[in-house]
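Worksheet for the structure shown next.
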Amino acid sequence: MRLREKVALVTGGGSGIGAAVCRRFAREGAFVVVADVDRAAAERVASEIKERGGRALSLGVDVRDRAEVEEMVKRVEEECGGLHILINNAGITRDNLAVRMTEGDWDLVVEVNLKGTFLCSQAAFRPMRRQRYGKIVNTASVAVRGNLGQANYSASKAGIIGLTRTLALEFARAGICVNCIAPGFIETPMTAGLPEKVKEEALRRIPLGRFGKPEEVAELHLFLASPESDYITGQVFFIDGGASIGI
């Protein structure tokens, strides 16, 4: 098992890519902490893992709130014995054309996606530094190339790439690798509600001719969380069926 004796904290773990990551990590022997603003969703995923013989803990957290984030990491240390892997997956969208976007929708998306990633990484640094080991995987998006109606989302995800590279430089001496995954169109609850016309246009731009599955993204997370990637840090990995390589 590639993650035996490792503790992995996954934000946004209650659904979509986050839930797939939790399940995959559990199968590889990790003690998985499923964290989500939707506590009931987190508990469902944790219960499923435990029913299959894995180890899991569910926590409710608003990643925008420093006090909640620090309390979350404290509980993980106390109840799980450490923290080796952090998957910053929590994220939201509030789409609208830039000229119509409200300040509230701008702030909310940037705070959850970018500030949340920063706060969780900052809190996780302390236990990882003591261990002289850690893996942090952040979540960007193919939308960093720009996307109509997603000024807030695209900006937050581009910020995560800059944050990832800076944290990789700053955390390296502590033995912590920081990388970033940028998914394309993945079949999740977030994309399920999009209009069919939007989905058709997205599919047209994907060279492989299909949408991705959360389980496929989870496999990349597993690699970046495992010892096989110990010499990789500060990198951004697009997993988008080729959508980011052409116009």
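In the structure tokens, chains take the letters A, B, ... in the order shown, each chain's residues start at 1, and ligands count up from 1 in the order shown.
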Kindly provide the residues of stretch 61-126 of chain A that approach stretch 182-202 of chain A to within 10 Å, each paired with its closest atom pair and their distance in Å to one decimal, based on only C-alpha atoms, listed by chain and increasing number, as a tab-separated table.
residue	atom	partner	partner_atom	distance
A:Gly91	CA	A:Met190	CA	9.6
A:Ile92	CA	A:Met190	CA	8.0
A:Thr93	CA	A:Met190	CA	8.1
Stretch 25-195 of chain A: residues DSSP assigns to alpha helix (DSSP H), reported as a PyMOL selection string: chain A and resi 25-27+39-51+66-80+103-110+116-131+151-171+189-192
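Of the listed residues (A:Ser244, A:Asn179, A:Asn113, A:Ser226), A:Ser244 comes nearest to A:Gly146; the distances count only C-alpha atoms.
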Residues near A:Val236, cut-off 10 Å, only C-alpha atoms, skip fewer than 3 positions along chain, as a VMD selection string: chain A and resid 137 to 141 161 164 to 165 178 to 182 233 239
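Comparing the minimum interatomic distances between A:Leu224 and each of A:Ala40, A:Ala174, A:Ala46, A:Leu3, counting only C-alpha atoms, we find that A:Leu3 sits nearest.
Using only C-alpha atoms, the smallest distance between any of A:His84, A:Arg24, A:Arg205, A:Arg2 and A:Val217 comes from A:Arg24.
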Residue nearest A:Leu203 among A:Glu48, A:Asp230, A:Glu219, A:Asp240 (counting only C-alpha atoms):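 Closest to A:Leu203, using only C-alpha atoms: A:Asp240.
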